[in-house]
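First the structure, in the form of structure tokens, and then the observations on it.
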Protein chains: 2
Amino acid sequence: MNNTDIKSYMQNVGQQARAASRLIARADTATKNTALSAIAKAILRDEEKLLSANAKDLENAQAKGLEASLVDRLTLSTKGVTNMAEGLSQIAALTDPIGEISELSYRPSGIQVGKMRVPLGVIGIIYEARPNVTADAAGLCLKAGNAAILRGGSEAIYCNQAIANCVKEGLRIAGLPETAVQVIETIDRAAVGELITMQDYVDVIVPRGGKGLIERISNEARVPVIKHLDGVCHVYIDDQADFDKAIRISDNAKTQRYGTCNTMETLLIHQSIVSTILPTLSQIYFDKGVELRGDPTACALIPQINTATEEDWSEEYLAPILSIRVVDNLDQAIDHINQYGSQHTDTIVTENYTQARRFLREVDSSSVMVNTSTRFADGFEYGLGAEIGISTDKIHARGPVGLEGLTSQKYVVLGNGHIR
Amino acid sequence: MNNTDIKSYMQNVGQQARAASRLIARADTATKNTALSAIAKAILRDEEKLLSANAKDLENAQAKGLEASLVDRLTLSTKGVTNMAEGLSQIAALTDPIGEISELSYRPSGIQVGKMRVPLGVIGIIYEARPNVTADAAGLCLKAGNAAILRGGSEAIYCNQAIANCVKEGLRIAGLPETAVQVIETIDRAAVGELITMQDYVDVIVPRGGKGLIERISNEARVPVIKHLDGVCHVYIDDQADFDKAIRISDNAKTQRYGTCNTMETLLIHQSIVSTILPTLSQIYFDKGVELRGDPTACALIPQINTATEEDWSEEYLAPILSIRVVDNLDQAIDHINQYGSQHTDTIVTENYTQARRFLREVDSSSVMVNTSTRFADGFEYGLGAEIGISTDKIHARGPVGLEGLTSQKYVVLGNGHIR
């Protein structure tokens, strides 16, 4: 397709999505759940088709010399197929957020005013070559009454189309329009440029992928974007921390998984307890092969700690590297986090009520924690049931985004002939 | 100032706002209320200064030949000064939304997860030459813990600066940074271009003004915009409407005020009752000098009704003109509203439970009403206490936006040494 063709192809996708969104917004809970279950069933039945489509994608990827980590994400296993189907069944089991009326109360004028939760409309999702996202995103958008336009990484095109066929079948079985979930069929990048600028047809874009992808999309989008950039997360060990909790949390937050956005990247330690705790803690890290980069105080205390540079304080390592800074007090810890952090997830370890209360209020991050590993910042752990992503924005949705983040609220007003 | 100077001036304003936002976000309720009361007091004390600054603005405006309606909005009276001060006192009396923790509950892992309401950060407000907006917007942003950058119409520059001095005084008295509210001092339009693209320093833009201004800002902004475009509002008189309520609401929704965004612009009437109700209703409109533009059925029934064109159905008249369409049934009414309306405010007049229930669910507007005049769509009537604007967007805030629309929610997580 040339650019004119892509524009008209995308405009057509957008128009169909908008029309479908009106119907899916009205669909009742049972109908949406029927579709979700039917999609899950079709995915399990089509396991072989999905795996052979994926094999074709993998063959092409290897021919193109795709990096091992990307090939790894692209690979779909039998377990992966089962997980997709289970994910959809779990979404079916979630409470339907749509139509929920809250805060309905009488006003002095006599009218009743409340809010009703409603779908956003059309959601565009742009993601890397990860087949499971196709099923997850379709399921979440559908349950929240939205139409979805999915644009997965081009390397997964065959597998995505095979999954899309299952989605269409499920929608058809439930009597919903097949165009409620559309998978972009061209691998041309110009399609993304269209998707993120079709203000008439797309209500919000959710990009999932690396920082480069997300920055590019945010800069070029004319449609609102729910975005997730860095995860530079902190653990602050307060002077009144419980020693065992501090060790346990600092270890877990860094070493349970290195590559996730909620992994700790900088450890802050109160100066009055650093000589008590850092020897034990650094030994744990060294035993696990974690490189430590510290400020002068930390380096003076433990000679094996490398010297941190200014850049280290804002680095998202996603690797077995940890920067360590010794702070004078709580104020300095909070200032450090607000200055160098990415407003993602930060935790204080303390037994002191007032310090905990201040940390919770004053740290400006999407998740602020007390005596808890940062690794808990996750839609499932928070009870959202599922997660479309984590937002580091403040507008609309902040932190893990589940079904509710894919909805809006309108006002409902009930009267009995009331006039002004 | 040339463009380079304006850029550096605005960058400096942005940096100061960001720094001030950190301090104001932490300010406790009493401190913020002290500032609001002190501003109100300063405004009352400075009445003469404000009026003479306004006189200077009016003189310049008349010399430039500004339209009468704009001069009218620009004019500040003694009453206007009192209203500004009262508005600030009312904002002081509102419950502080910041720090409110909700939905805090235990998860199976043992952690407690909840949400805390937090400020957005820095709000940029762009508005026409209306001095009262300077005080209102400053007060709302302050109460919600945000820093504000205000850019009022250049015609009100002297008056805005006089008000800004009162705001600064109030902030100083409360021990808050004066830079928490900054009024842009250049009348150069390039300042707006900077303001709406300073992603590092501005979290959200609220434009208040005509559709042209808002469209231009939305198109050029790189910062999220809470915007209010058209108000093409409908009243639908159902076949099971109460006759008296239908007359009362249709009259009030159109004729109470013609120029407001929540005024009805199109009346939809069920075909089975049109011959009963339209003669009475059209007479009321004609007596008040309202021009009616109808579809063929309406025109056939009442010869004085002019013929509506396709354009009439999406027109926001803001004038004594009303378009009237006769519909076959509820479905057609809902489809008409969703197609031609502006997703602002729409009401059904009916005694039928099922029709009312369907209308509430299926009409995709920021306010959906039953047996109530559209004129009630307003922050004060909804109990928000104050209103920074009405959003016709779905993202973040929809409908009248009060203090809550100027906030976000972060997750708070409490544990006892919990790890994953």
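Going by the structure tokens order, chains are called A, B, ..., each with residues numbered from 1, while ligands are numbered from 1 in the order shown.
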Fit target chain A, mobile chain B, all Cα in order, as a tab-separated table (two decimals) with C-alpha atoms, in the first residue's frame:
```
chain	number	residue	atom	x	y	z
B	1	MET	CA	-0.08	0.05	-0.04
B	2	ASN	CA	1.15	3.58	-0.72
B	3	ASN	CA	0.51	6.40	1.76
B	4	THR	CA	-2.80	7.43	0.20
B	5	ASP	CA	-4.02	3.85	0.38
B	6	ILE	CA	-2.92	3.54	3.99
B	7	LYS	CA	-4.71	6.74	4.88
B	8	SER	CA	-7.95	5.56	3.35
B	9	TYR	CA	-7.51	2.05	4.81
B	10	MET	CA	-7.03	3.51	8.29
B	11	GLN	CA	-9.88	6.00	7.92
B	12	ASN	CA	-12.10	3.09	7.05
B	13	VAL	CA	-10.87	1.11	10.06
B	14	GLY	CA	-11.57	4.16	12.22
B	15	GLN	CA	-15.08	4.67	10.88
B	16	GLN	CA	-15.94	1.03	11.44
B	17	ALA	CA	-14.52	1.15	14.95
B	18	ARG	CA	-16.57	4.23	15.79
B	19	ALA	CA	-19.76	2.61	14.51
B	20	ALA	CA	-19.01	-0.63	16.37
B	21	SER	CA	-18.20	1.30	19.57
B	22	ARG	CA	-21.79	2.58	19.70
B	23	LEU	CA	-23.13	-0.97	19.65
B	24	ILE	CA	-20.62	-2.45	22.05
B	25	ALA	CA	-21.18	0.41	24.51
B	26	ARG	CA	-24.80	-0.71	24.82
B	27	ALA	CA	-24.08	-4.43	24.99
B	28	ASP	CA	-25.19	-5.98	28.26
B	29	THR	CA	-22.84	-7.85	30.56
B	30	ALA	CA	-24.01	-11.32	29.57
B	31	THR	CA	-23.44	-10.62	25.88
B	32	LYS	CA	-19.92	-9.35	26.46
B	33	ASN	CA	-19.11	-12.35	28.65
B	34	THR	CA	-20.50	-14.72	26.01
B	35	ALA	CA	-18.10	-13.17	23.50
B	36	LEU	CA	-15.13	-13.45	25.87
B	37	SER	CA	-15.84	-17.11	26.62
B	38	ALA	CA	-16.34	-17.89	22.93
B	39	ILE	CA	-13.02	-16.25	22.07
B	40	ALA	CA	-11.28	-18.29	24.77
B	41	LYS	CA	-12.84	-21.46	23.43
B	42	ALA	CA	-11.85	-20.66	19.83
B	43	ILE	CA	-8.27	-19.98	20.91
B	44	LEU	CA	-8.00	-23.34	22.66
B	45	ARG	CA	-9.55	-25.12	19.68
B	46	ASP	CA	-7.25	-23.32	17.23
B	47	GLU	CA	-4.08	-24.03	19.21
B	48	GLU	CA	-2.42	-25.74	16.26
B	49	LYS	CA	-3.32	-22.96	13.83
B	50	LEU	CA	-1.97	-20.37	16.25
B	51	LEU	CA	1.27	-22.26	16.80
B	52	SER	CA	1.87	-22.77	13.10
B	53	ALA	CA	1.13	-19.09	12.37
B	54	ASN	CA	3.60	-18.26	15.10
B	55	ALA	CA	6.16	-20.63	13.56
B	56	LYS	CA	5.86	-18.71	10.31
B	57	ASP	CA	6.43	-15.42	12.18
B	58	LEU	CA	9.45	-16.92	13.96
B	59	GLU	CA	10.92	-18.15	10.71
B	60	ASN	CA	10.66	-14.67	9.19
B	61	ALA	CA	12.06	-13.13	12.36
B	62	GLN	CA	15.09	-15.40	12.35
B	63	ALA	CA	15.65	-14.76	8.65
B	64	LYS	CA	15.66	-11.03	9.47
B	65	GLY	CA	18.07	-11.66	12.36
B	66	LEU	CA	15.79	-10.35	15.14
B	67	GLU	CA	17.47	-10.09	18.59
B	68	ALA	CA	17.12	-13.10	20.89
B	69	SER	CA	15.07	-11.20	23.51
B	70	LEU	CA	12.55	-10.11	20.87
B	71	VAL	CA	12.34	-13.62	19.44
B	72	ASP	CA	11.71	-14.81	22.97
B	73	ARG	CA	8.74	-12.44	23.38
B	74	LEU	CA	7.41	-13.37	19.97
B	75	THR	CA	7.42	-17.10	20.70
B	76	LEU	CA	4.04	-18.62	21.53
B	77	SER	CA	3.98	-21.96	23.37
B	78	THR	CA	1.14	-24.35	24.19
B	79	LYS	CA	1.29	-22.86	27.67
B	80	GLY	CA	1.03	-19.40	26.12
B	81	VAL	CA	-2.13	-20.40	24.27
B	82	THR	CA	-3.67	-21.78	27.46
B	83	ASN	CA	-2.72	-18.59	29.33
B	84	MET	CA	-4.40	-16.41	26.70
B	85	ALA	CA	-7.63	-18.39	27.02
B	86	GLU	CA	-7.44	-18.29	30.82
B	87	GLY	CA	-6.83	-14.55	30.77
B	88	LEU	CA	-10.00	-14.07	28.74
B	89	SER	CA	-12.00	-16.23	31.14
B	90	GLN	CA	-10.67	-14.15	34.03
B	91	ILE	CA	-11.77	-10.95	32.28
B	92	ALA	CA	-15.23	-12.50	31.77
B	93	ALA	CA	-15.37	-13.12	35.53
B	94	LEU	CA	-14.61	-9.49	36.43
B	95	THR	CA	-17.45	-7.19	37.47
B	96	ASP	CA	-18.71	-5.16	34.52
B	97	PRO	CA	-17.76	-1.54	35.25
B	98	ILE	CA	-20.13	-0.11	32.63
B	99	GLY	CA	-23.37	1.50	33.75
B	100	GLU	CA	-22.40	1.63	37.42
B	101	ILE	CA	-24.06	4.65	39.00
B	102	SER	CA	-22.35	6.22	42.00
B	103	GLU	CA	-22.72	9.19	44.32
B	104	LEU	CA	-26.36	9.73	43.27
B	105	SER	CA	-27.68	12.27	45.73
B	106	TYR	CA	-30.26	15.03	46.06
B	107	ARG	CA	-29.27	18.65	45.54
B	108	PRO	CA	-31.00	21.60	47.21
B	109	SER	CA	-32.87	22.28	43.94
B	110	GLY	CA	-34.51	18.85	44.22
B	111	ILE	CA	-32.71	17.19	41.33
B	112	GLN	CA	-30.66	14.02	41.94
B	113	VAL	CA	-27.13	14.11	40.52
B	114	GLY	CA	-24.81	11.13	40.17
B	115	LYS	CA	-22.21	9.62	37.89
B	116	MET	CA	-22.50	6.70	35.51
B	117	ARG	CA	-19.44	4.79	34.35
B	118	VAL	CA	-19.30	4.63	30.54
B	119	PRO	CA	-16.88	3.35	27.90
B	120	LEU	CA	-14.29	5.71	26.41
B	121	GLY	CA	-15.26	4.71	22.87
B	122	VAL	CA	-12.43	3.57	20.59
B	123	ILE	CA	-9.06	2.52	22.04
B	124	GLY	CA	-5.97	2.23	19.85
B	125	ILE	CA	-3.31	-0.11	21.21
B	126	ILE	CA	0.19	-0.13	19.77
B	127	TYR	CA	2.49	-2.87	21.00
B	128	GLU	CA	5.55	-4.89	20.20
B	129	ALA	CA	5.55	-8.38	18.71
B	130	ARG	CA	3.90	-10.15	21.65
B	131	PRO	CA	0.96	-12.30	20.56
B	132	ASN	CA	-0.61	-12.55	24.03
B	133	VAL	CA	-1.20	-8.77	24.09
B	134	THR	CA	-3.59	-9.15	21.15
B	135	ALA	CA	-5.92	-11.38	23.17
B	136	ASP	CA	-5.47	-9.47	26.47
B	137	ALA	CA	-6.08	-6.05	24.96
B	138	ALA	CA	-9.06	-7.22	22.92
B	139	GLY	CA	-10.59	-8.78	26.04
B	140	LEU	CA	-10.10	-5.73	28.26
B	141	CYS	CA	-11.41	-3.26	25.70
B	142	LEU	CA	-14.42	-5.47	25.00
B	143	LYS	CA	-15.34	-5.91	28.66
B	144	ALA	CA	-15.12	-2.13	29.20
B	145	GLY	CA	-17.52	-1.60	26.27
B	146	ASN	CA	-14.94	-0.12	23.91
B	147	ALA	CA	-14.06	-0.86	20.32
B	148	ALA	CA	-10.36	-1.64	19.83
B	149	ILE	CA	-7.90	-1.07	17.02
B	150	LEU	CA	-4.84	-3.23	17.62
B	151	ARG	CA	-1.50	-2.62	15.98
B	152	GLY	CA	0.98	-5.26	17.08
B	153	GLY	CA	4.61	-5.51	16.04
B	154	SER	CA	4.89	-6.47	12.38
B	155	GLU	CA	6.97	-9.56	13.28
B	156	ALA	CA	3.87	-11.15	14.84
B	157	ILE	CA	1.53	-10.46	11.94
B	158	TYR	CA	0.55	-14.07	11.11
B	159	CYS	CA	-0.05	-15.05	14.69
B	160	ASN	CA	-1.99	-11.83	15.37
B	161	GLN	CA	-4.25	-12.50	12.42
B	162	ALA	CA	-4.91	-16.04	13.64
B	163	ILE	CA	-5.84	-14.66	17.07
B	164	ALA	CA	-7.95	-11.96	15.42
B	165	ASN	CA	-9.95	-14.68	13.67
B	166	CYS	CA	-10.77	-16.23	17.05
B	167	VAL	CA	-11.80	-12.81	18.38
B	168	LYS	CA	-14.07	-12.20	15.38
B	169	GLU	CA	-15.66	-15.60	15.82
B	170	GLY	CA	-16.39	-14.89	19.48
B	171	LEU	CA	-17.91	-11.51	18.69
B	172	ARG	CA	-20.07	-13.09	15.98
B	173	ILE	CA	-21.31	-15.82	18.30
B	174	ALA	CA	-22.36	-13.19	20.85
B	175	GLY	CA	-24.14	-11.15	18.17
B	176	LEU	CA	-21.66	-8.27	18.46
B	177	PRO	CA	-20.08	-6.54	15.45
B	178	GLU	CA	-16.84	-8.17	14.30
B	179	THR	CA	-15.40	-4.69	13.75
B	180	ALA	CA	-15.46	-4.10	17.51
B	181	VAL	CA	-11.90	-5.47	17.51
B	182	GLN	CA	-9.80	-4.80	14.42
B	183	VAL	CA	-6.21	-5.90	13.91
B	184	ILE	CA	-4.33	-3.63	11.50
B	185	GLU	CA	-3.36	-5.76	8.54
B	186	THR	CA	-0.61	-3.67	7.05
B	187	ILE	CA	2.88	-3.74	8.53
B	188	ASP	CA	3.60	-0.27	7.15
B	189	ARG	CA	4.60	2.19	9.86
B	190	ALA	CA	2.51	4.93	8.25
B	191	ALA	CA	-0.52	3.12	9.67
B	192	VAL	CA	0.64	4.06	13.18
B	193	GLY	CA	0.98	7.68	12.13
B	194	GLU	CA	-2.64	7.62	10.96
B	195	LEU	CA	-3.92	5.78	14.01
B	196	ILE	CA	-2.53	8.29	16.50
B	197	THR	CA	-3.91	11.31	14.64
B	198	MET	CA	-7.47	10.18	13.81
B	199	GLN	CA	-9.14	12.41	16.42
B	200	ASP	CA	-12.61	11.73	15.04
B	201	TYR	CA	-12.33	7.97	15.36
B	202	VAL	CA	-9.93	7.23	18.22
B	203	ASP	CA	-10.48	8.36	21.82
B	204	VAL	CA	-7.26	7.19	23.44
B	205	ILE	CA	-4.01	5.47	22.50
B	206	VAL	CA	-2.29	2.97	24.80
B	207	PRO	CA	1.25	2.27	23.63
B	208	ARG	CA	2.99	-0.74	25.15
B	209	GLY	CA	6.67	-1.17	24.50
B	210	GLY	CA	10.06	0.41	24.91
B	211	LYS	CA	10.67	3.99	25.90
B	212	GLY	CA	11.66	4.98	22.36
B	213	LEU	CA	8.36	3.79	20.90
B	214	ILE	CA	6.35	5.52	23.60
B	215	GLU	CA	8.19	8.82	23.31
B	216	ARG	CA	7.75	8.85	19.56
B	217	ILE	CA	4.04	8.12	19.83
B	218	SER	CA	3.49	10.75	22.54
B	219	ASN	CA	5.23	13.37	20.48
B	220	GLU	CA	3.30	12.71	17.31
B	221	ALA	CA	-0.12	11.83	18.70
B	222	ARG	CA	-3.10	14.16	18.30
B	223	VAL	CA	-5.19	11.76	20.38
B	224	PRO	CA	-4.73	11.43	24.19
B	225	VAL	CA	-2.11	8.84	25.16
B	226	ILE	CA	-2.03	6.74	28.35
B	227	LYS	CA	1.68	6.23	28.61
B	228	HIS	CA	4.27	4.47	30.67
B	229	LEU	CA	7.82	5.75	30.48
B	230	ASP	CA	10.60	5.02	33.00
B	231	GLY	CA	10.47	3.05	36.20
B	232	VAL	CA	13.20	4.54	38.38
B	233	CYS	CA	11.93	3.15	41.69
B	234	HIS	CA	13.36	3.78	45.17
B	235	VAL	CA	13.47	2.11	48.55
B	236	TYR	CA	14.24	4.50	51.42
B	237	ILE	CA	15.46	2.89	54.64
B	238	ASP	CA	14.54	5.32	57.39
B	239	ASP	CA	16.48	5.67	60.65
B	240	GLN	CA	13.55	4.03	62.40
B	241	ALA	CA	13.32	1.08	60.01
B	242	ASP	CA	12.97	-2.47	61.30
B	243	PHE	CA	16.26	-4.13	60.36
B	244	ASP	CA	14.76	-7.40	59.07
B	245	LYS	CA	12.04	-5.73	57.03
B	246	ALA	CA	14.61	-3.36	55.52
B	247	ILE	CA	16.84	-6.25	54.45
B	248	ARG	CA	13.96	-8.32	53.11
B	249	ILE	CA	12.36	-5.49	51.13
B	250	SER	CA	15.63	-4.08	49.74
B	251	ASP	CA	16.67	-7.55	48.58
B	252	ASN	CA	13.31	-8.42	47.03
B	253	ALA	CA	12.75	-5.04	45.35
B	254	LYS	CA	16.06	-5.38	43.51
B	255	THR	CA	16.69	-9.04	42.95
B	256	GLN	CA	13.34	-10.79	42.49
B	257	ARG	CA	13.37	-9.71	38.84
B	258	TYR	CA	15.82	-7.30	37.25
B	259	GLY	CA	14.00	-6.37	34.05
B	260	THR	CA	10.65	-5.12	35.36
B	261	CYS	CA	9.60	-1.50	35.65
B	262	ASN	CA	8.77	-1.81	39.36
B	263	THR	CA	12.25	-3.06	40.28
B	264	MET	CA	14.22	-0.78	42.63
B	265	GLU	CA	17.00	1.12	40.87
B	266	THR	CA	18.21	3.36	43.73
B	267	LEU	CA	18.44	2.57	47.44
B	268	LEU	CA	18.39	5.51	49.87
B	269	ILE	CA	19.65	4.92	53.43
B	270	HIS	CA	19.44	7.22	56.44
B	271	GLN	CA	22.97	8.18	57.56
B	272	SER	CA	22.42	7.17	61.18
B	273	ILE	CA	21.86	3.49	60.33
B	274	VAL	CA	23.97	3.05	57.22
B	275	SER	CA	26.93	1.49	59.04
B	276	THR	CA	24.61	-1.02	60.73
B	277	ILE	CA	22.72	-2.14	57.64
B	278	LEU	CA	24.91	-1.63	54.58
B	279	PRO	CA	27.51	-4.34	55.33
B	280	THR	CA	24.83	-7.04	55.57
B	281	LEU	CA	22.87	-5.71	52.62
B	282	SER	CA	25.83	-5.23	50.28
B	283	GLN	CA	26.93	-8.80	50.98
B	284	ILE	CA	23.50	-10.07	49.90
B	285	TYR	CA	23.76	-8.09	46.66
B	286	PHE	CA	27.34	-9.17	45.97
B	287	ASP	CA	26.37	-12.82	46.54
B	288	LYS	CA	23.70	-12.42	43.87
B	289	GLY	CA	26.06	-10.67	41.46
B	290	VAL	CA	24.55	-7.19	41.75
B	291	GLU	CA	26.92	-4.32	40.97
B	292	LEU	CA	26.64	-1.49	43.50
B	293	ARG	CA	27.31	2.17	42.67
B	294	GLY	CA	27.39	4.42	45.69
B	295	ASP	CA	27.84	7.97	46.84
B	296	PRO	CA	31.09	8.82	48.72
B	297	THR	CA	29.72	7.75	52.13
B	298	ALA	CA	28.62	4.34	50.85
B	299	CYS	CA	31.91	3.85	49.00
B	300	ALA	CA	33.92	4.78	52.09
B	301	LEU	CA	32.04	2.19	54.13
B	302	ILE	CA	32.23	-0.70	51.64
B	303	PRO	CA	35.27	-0.54	49.36
B	304	GLN	CA	33.79	-2.92	46.75
B	305	ILE	CA	31.08	-0.35	45.91
B	306	ASN	CA	31.84	1.58	42.72
B	307	THR	CA	31.47	5.33	42.56
B	308	ALA	CA	28.10	6.56	41.26
B	309	THR	CA	27.96	9.43	38.80
B	310	GLU	CA	25.23	12.06	38.64
B	311	GLU	CA	23.68	10.09	35.75
B	312	ASP	CA	23.28	7.00	37.93
B	313	TRP	CA	20.55	8.66	40.01
B	314	SER	CA	18.17	8.85	37.09
B	315	GLU	CA	19.14	5.61	35.36
B	316	GLU	CA	16.65	2.76	34.85
B	317	TYR	CA	19.14	-0.11	34.80
B	318	LEU	CA	16.73	-3.01	34.22
B	319	ALA	CA	19.82	-5.04	35.18
B	320	PRO	CA	21.71	-6.32	38.26
B	321	ILE	CA	23.02	-2.84	39.05
B	322	LEU	CA	21.91	-0.72	42.02
B	323	SER	CA	22.81	2.83	42.98
B	324	ILE	CA	23.01	3.66	46.69
B	325	ARG	CA	22.84	7.05	48.33
B	326	VAL	CA	23.14	7.94	51.99
B	327	VAL	CA	20.79	10.77	53.03
B	328	ASP	CA	20.77	13.03	56.05
B	329	ASN	CA	17.06	12.74	56.75
B	330	LEU	CA	13.57	12.11	55.39
B	331	ASP	CA	13.44	15.49	53.66
B	332	GLN	CA	16.52	14.70	51.63
B	333	ALA	CA	15.11	11.28	50.72
B	334	ILE	CA	11.82	12.78	49.52
B	335	ASP	CA	13.61	15.52	47.59
B	336	HIS	CA	15.88	12.95	45.94
B	337	ILE	CA	12.94	10.81	44.86
B	338	ASN	CA	10.92	13.75	43.53
B	339	GLN	CA	13.97	15.09	41.67
B	340	TYR	CA	15.55	11.96	40.20
B	341	GLY	CA	12.71	9.43	40.22
B	342	SER	CA	10.25	8.78	37.44
B	343	GLN	CA	7.09	9.08	39.57
B	344	HIS	CA	6.55	5.34	39.28
B	345	THR	CA	6.84	3.45	42.60
B	346	ASP	CA	8.68	4.32	45.80
B	347	THR	CA	8.67	2.81	49.26
B	348	ILE	CA	9.77	3.79	52.77
B	349	VAL	CA	10.85	1.25	55.36
B	350	THR	CA	10.06	2.66	58.78
B	351	GLU	CA	8.28	1.93	62.05
B	352	ASN	CA	7.68	5.65	62.63
B	353	TYR	CA	4.09	6.75	62.08
B	354	THR	CA	4.84	10.40	61.30
B	355	GLN	CA	7.63	9.64	58.83
B	356	ALA	CA	5.42	7.11	57.03
B	357	ARG	CA	2.55	9.58	56.90
B	358	ARG	CA	4.78	12.30	55.45
B	359	PHE	CA	6.33	9.96	52.86
B	360	LEU	CA	2.89	8.85	51.65
B	361	ARG	CA	1.74	12.42	51.22
B	362	GLU	CA	4.87	14.08	49.87
B	363	VAL	CA	6.32	11.58	47.43
B	364	ASP	CA	4.78	12.39	44.06
B	365	SER	CA	4.69	8.95	42.44
B	366	SER	CA	1.95	6.77	41.02
B	367	SER	CA	2.48	4.22	43.81
B	368	VAL	CA	3.78	5.22	47.23
B	369	MET	CA	4.37	2.43	49.74
B	370	VAL	CA	5.26	1.74	53.37
B	371	ASN	CA	7.14	-1.42	54.38
B	372	THR	CA	6.35	-3.12	51.07
B	373	SER	CA	8.49	-4.22	48.14
B	374	THR	CA	8.14	-2.01	45.04
B	375	ARG	CA	7.55	-5.24	43.10
B	376	PHE	CA	3.90	-5.15	44.26
B	377	ALA	CA	3.11	-2.26	41.86
B	378	ASP	CA	1.01	-4.32	39.49
B	379	GLY	CA	-2.62	-4.48	38.40
B	380	PHE	CA	-3.14	-8.03	39.61
B	381	GLU	CA	-1.57	-7.37	43.01
B	382	TYR	CA	-3.72	-4.24	43.36
B	383	GLY	CA	-6.86	-6.23	42.65
B	384	LEU	CA	-7.68	-4.68	39.29
B	385	GLY	CA	-8.08	-8.19	37.88
B	386	ALA	CA	-6.12	-7.37	34.76
B	387	GLU	CA	-3.84	-4.64	33.51
B	388	ILE	CA	-3.61	-2.87	30.17
B	389	GLY	CA	-0.49	-1.02	31.31
B	390	ILE	CA	0.94	1.26	33.99
B	391	SER	CA	0.52	4.99	33.57
B	392	THR	CA	3.23	7.41	34.63
B	393	ASP	CA	0.94	10.28	33.64
B	394	LYS	CA	-1.27	12.14	36.08
B	395	ILE	CA	-4.10	12.90	33.71
B	396	HIS	CA	-6.97	10.38	33.52
B	397	ALA	CA	-5.22	7.30	34.94
B	398	ARG	CA	-2.17	7.03	37.21
B	399	GLY	CA	-0.38	3.79	38.10
B	400	PRO	CA	-1.61	0.33	37.03
B	401	VAL	CA	-4.50	0.70	34.57
B	402	GLY	CA	-7.24	-1.92	34.58
B	403	LEU	CA	-10.80	-1.91	33.27
B	404	GLU	CA	-11.63	1.34	35.05
B	405	GLY	CA	-8.87	3.19	33.19
B	406	LEU	CA	-10.63	2.27	29.95
B	407	THR	CA	-13.81	4.01	31.08
B	408	SER	CA	-15.05	7.51	31.82
B	409	GLN	CA	-17.92	8.85	33.92
B	410	LYS	CA	-20.85	10.89	32.71
B	411	TYR	CA	-23.28	12.77	34.92
B	412	VAL	CA	-26.81	11.47	35.29
B	413	VAL	CA	-29.50	13.84	36.52
B	414	LEU	CA	-32.97	12.78	37.62
B	415	GLY	CA	-35.76	15.26	38.13
B	416	ASN	CA	-39.50	15.61	38.20
B	417	GLY	CA	-40.08	18.47	35.83
B	418	HIS	CA	-37.40	20.64	37.43
B	419	ILE	CA	-36.51	23.92	35.77
B	420	ARG	CA	-34.15	26.78	36.64
```
**Asked** Can you list, as a VMD selection string, every residue of stretch 170-417 of chain A that DSSP puts in alpha helix (DSSP H)?
**Response** chain A and resid 170 to 173 190 to 195 211 to 220 243 to 255 274 to 287 296 to 301 330 to 340 353 to 362
**Request:** Would you return as a PyMOL selection string the members of stretch 51-270 of chain B that DSSP assigns to strand (DSSP E or B) on this structure's backbone?
**Result:** chain B and resi 101-106+112-119+122-127+147-151+181-183+204-208+225+233-237+264-270
